[in-house]
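*Asks:* Structure file my_file37.cif (mmCIF, C-alpha atoms) is given on the next line.
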data_model
loop_
_atom_site.label_atom_id
_atom_site.label_comp_id
_atom_site.auth_asym_id
_atom_site.auth_seq_id
_atom_site.Cartn_x
_atom_site.Cartn_y
_atom_site.Cartn_z
CA MET A 230 133.67 77.30 131.26
CA PHE A 231 134.46 74.54 133.74
CA TRP A 232 137.19 73.07 131.53
CA ARG A 233 138.84 76.45 131.08
CA SER A 234 139.17 76.84 134.82
CA VAL A 235 140.53 73.27 135.10
CA VAL A 236 143.20 74.03 132.48
CA ALA A 237 144.08 77.35 134.13
CA SER A 238 144.35 75.60 137.49
CA ALA A 239 146.65 73.00 135.96
CA TYR A 240 148.95 75.76 134.67
CA VAL A 241 149.04 77.36 138.10
CA ALA A 242 149.70 74.00 139.77
CA LEU A 243 152.52 73.31 137.31
CA ALA A 244 154.05 76.69 138.10
CA VAL A 245 153.89 75.96 141.83
CA VAL A 246 155.50 72.53 141.37
CA VAL A 247 158.25 73.94 139.15
CA GLY A 248 158.80 76.82 141.55
CA VAL A 249 159.23 74.46 144.49
CA ALA A 250 161.38 71.98 142.59
CA TYR A 251 163.61 74.32 140.57
CA GLY A 252 163.23 77.74 142.17
CA GLY A 253 163.34 81.01 140.33
CA GLN A 254 165.32 79.72 137.38
CA GLY A 255 162.70 77.06 136.71
CA LEU A 256 159.94 79.66 136.85
CA VAL A 257 161.81 81.82 134.34
CA VAL A 258 162.09 78.91 131.92
CA LEU A 259 158.45 77.96 132.47
CA SER A 260 157.29 81.53 131.92
CA TYR A 261 159.25 81.61 128.66
CA PHE A 262 157.26 78.62 127.41
CA TYR A 263 154.00 80.09 128.75
CA VAL A 264 154.64 83.28 126.77
CA TRP A 265 155.35 81.34 123.57
CA ALA A 266 152.27 79.16 124.05
CA GLY A 267 150.16 82.27 124.67
CA ALA A 268 151.55 83.92 121.57
CA TRP A 269 150.56 80.88 119.49
CA VAL A 270 147.05 80.89 120.95
CA VAL A 271 146.63 84.58 120.13
CA PHE A 272 147.99 83.95 116.63
CA PHE A 273 145.46 81.17 116.01
CA PHE A 274 142.57 83.28 117.30
CA VAL A 275 143.58 86.22 115.10
CA TRP A 276 144.21 83.94 112.12
CA GLY A 277 140.77 82.38 112.51
CA ARG A 278 139.11 85.77 112.73
CA VAL A 279 140.97 87.07 109.66
CA ALA A 280 140.13 83.91 107.69
CA GLN A 281 136.47 84.21 108.65
CA ASP A 282 136.34 87.85 107.61
CA ALA A 283 138.12 87.06 104.33
CA GLY A 284 135.63 84.29 103.63
CA ARG A 285 132.70 86.62 104.28
CA TRP A 286 134.24 89.31 102.10
CA ASN A 287 134.77 86.80 99.31
CA VAL A 288 131.19 85.49 99.47
CA ASP A 289 129.84 89.06 99.50
CA ARG A 290 132.05 89.89 96.53
CA ILE A 291 130.80 86.92 94.53
CA ASP A 292 127.13 87.23 95.50
CA PRO A 293 126.39 90.82 96.54
CA GLU A 294 122.63 90.23 96.67
CA ARG A 295 123.03 87.67 99.43
CA ARG A 296 122.81 90.38 102.06
#
As structure tokens, please, write out the structure in this file.
*Replies:*
Amino acid sequence: MFWRSVVASAYVALAVVVGVAYGGQGLVVLSYFYVWAGAWVVFFFVWGRVAQDAGRWNVDRIDPERR
């Protein structure tokens, strides 16, 4: 939990630095990359969940008495 808050704080600090250095245009560009990075994170979480469910389904299909 601690490391998540450190990473989140780093993103906020980066946004503040970019906002001061480049203004609104820099924040727009940074938010574009934040959105893409967030989309990839969501994709990997969903992909992992789907793969896990597919693996369970496959094991249950092969060995139904395992339950």
*Asks:* Using all atoms listed in the file, which of the listed residues (A:Gly277, A:Asp282, A:Tyr263, A:Asn287) sits closest to Ala237 of chain A?
*Replies:*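 The closest residue to Ala237 of chain A is A:Tyr263.
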*Asks:* So which one's closest to Ala266 of chain A, A:Val288, A:Tyr240, A:Ala280, A:Val249? Using all atoms listed in the file, please.
*Replies:*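 Answer, going by the shortest atom-to-atom distance: A:Tyr240.
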*Asks:* Quick one, how far is atom CA of Val235 of chain A from atom CA of Val270 of chain A?
*Replies:*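 Computing the Euclidean distance for atom CA of Val235 of chain A and atom CA of Val270 of chain A yields 17.3 Å.
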*Asks:* Point out the residue among A:Arg233, A:Phe273, A:Ser260, A:Arg290 with the least atom-to-atom distance to Val245 of chain A, counting all atoms listed in the file.
*Replies:*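 Looking only at the distances to Val245 of chain A, the closest residue turns out to be A:Ser260.
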*Asks:* Just the number, please: distance in Å from atom CA of Ser234 of chain A to atom CA of Gly252 of chain A, one decimal.
*Replies:*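 Atom CA of Ser234 of chain A sits 25.2 Å away from atom CA of Gly252 of chain A.
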*Asks:* Could you please determine the separation between atom CA of Gln281 of chain A and atom CA of Phe262 of chain A in Å, to one decimal place?
*Replies:*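 Separating atom CA of Gln281 of chain A from atom CA of Phe262 of chain A is a distance of 28.6 Å.
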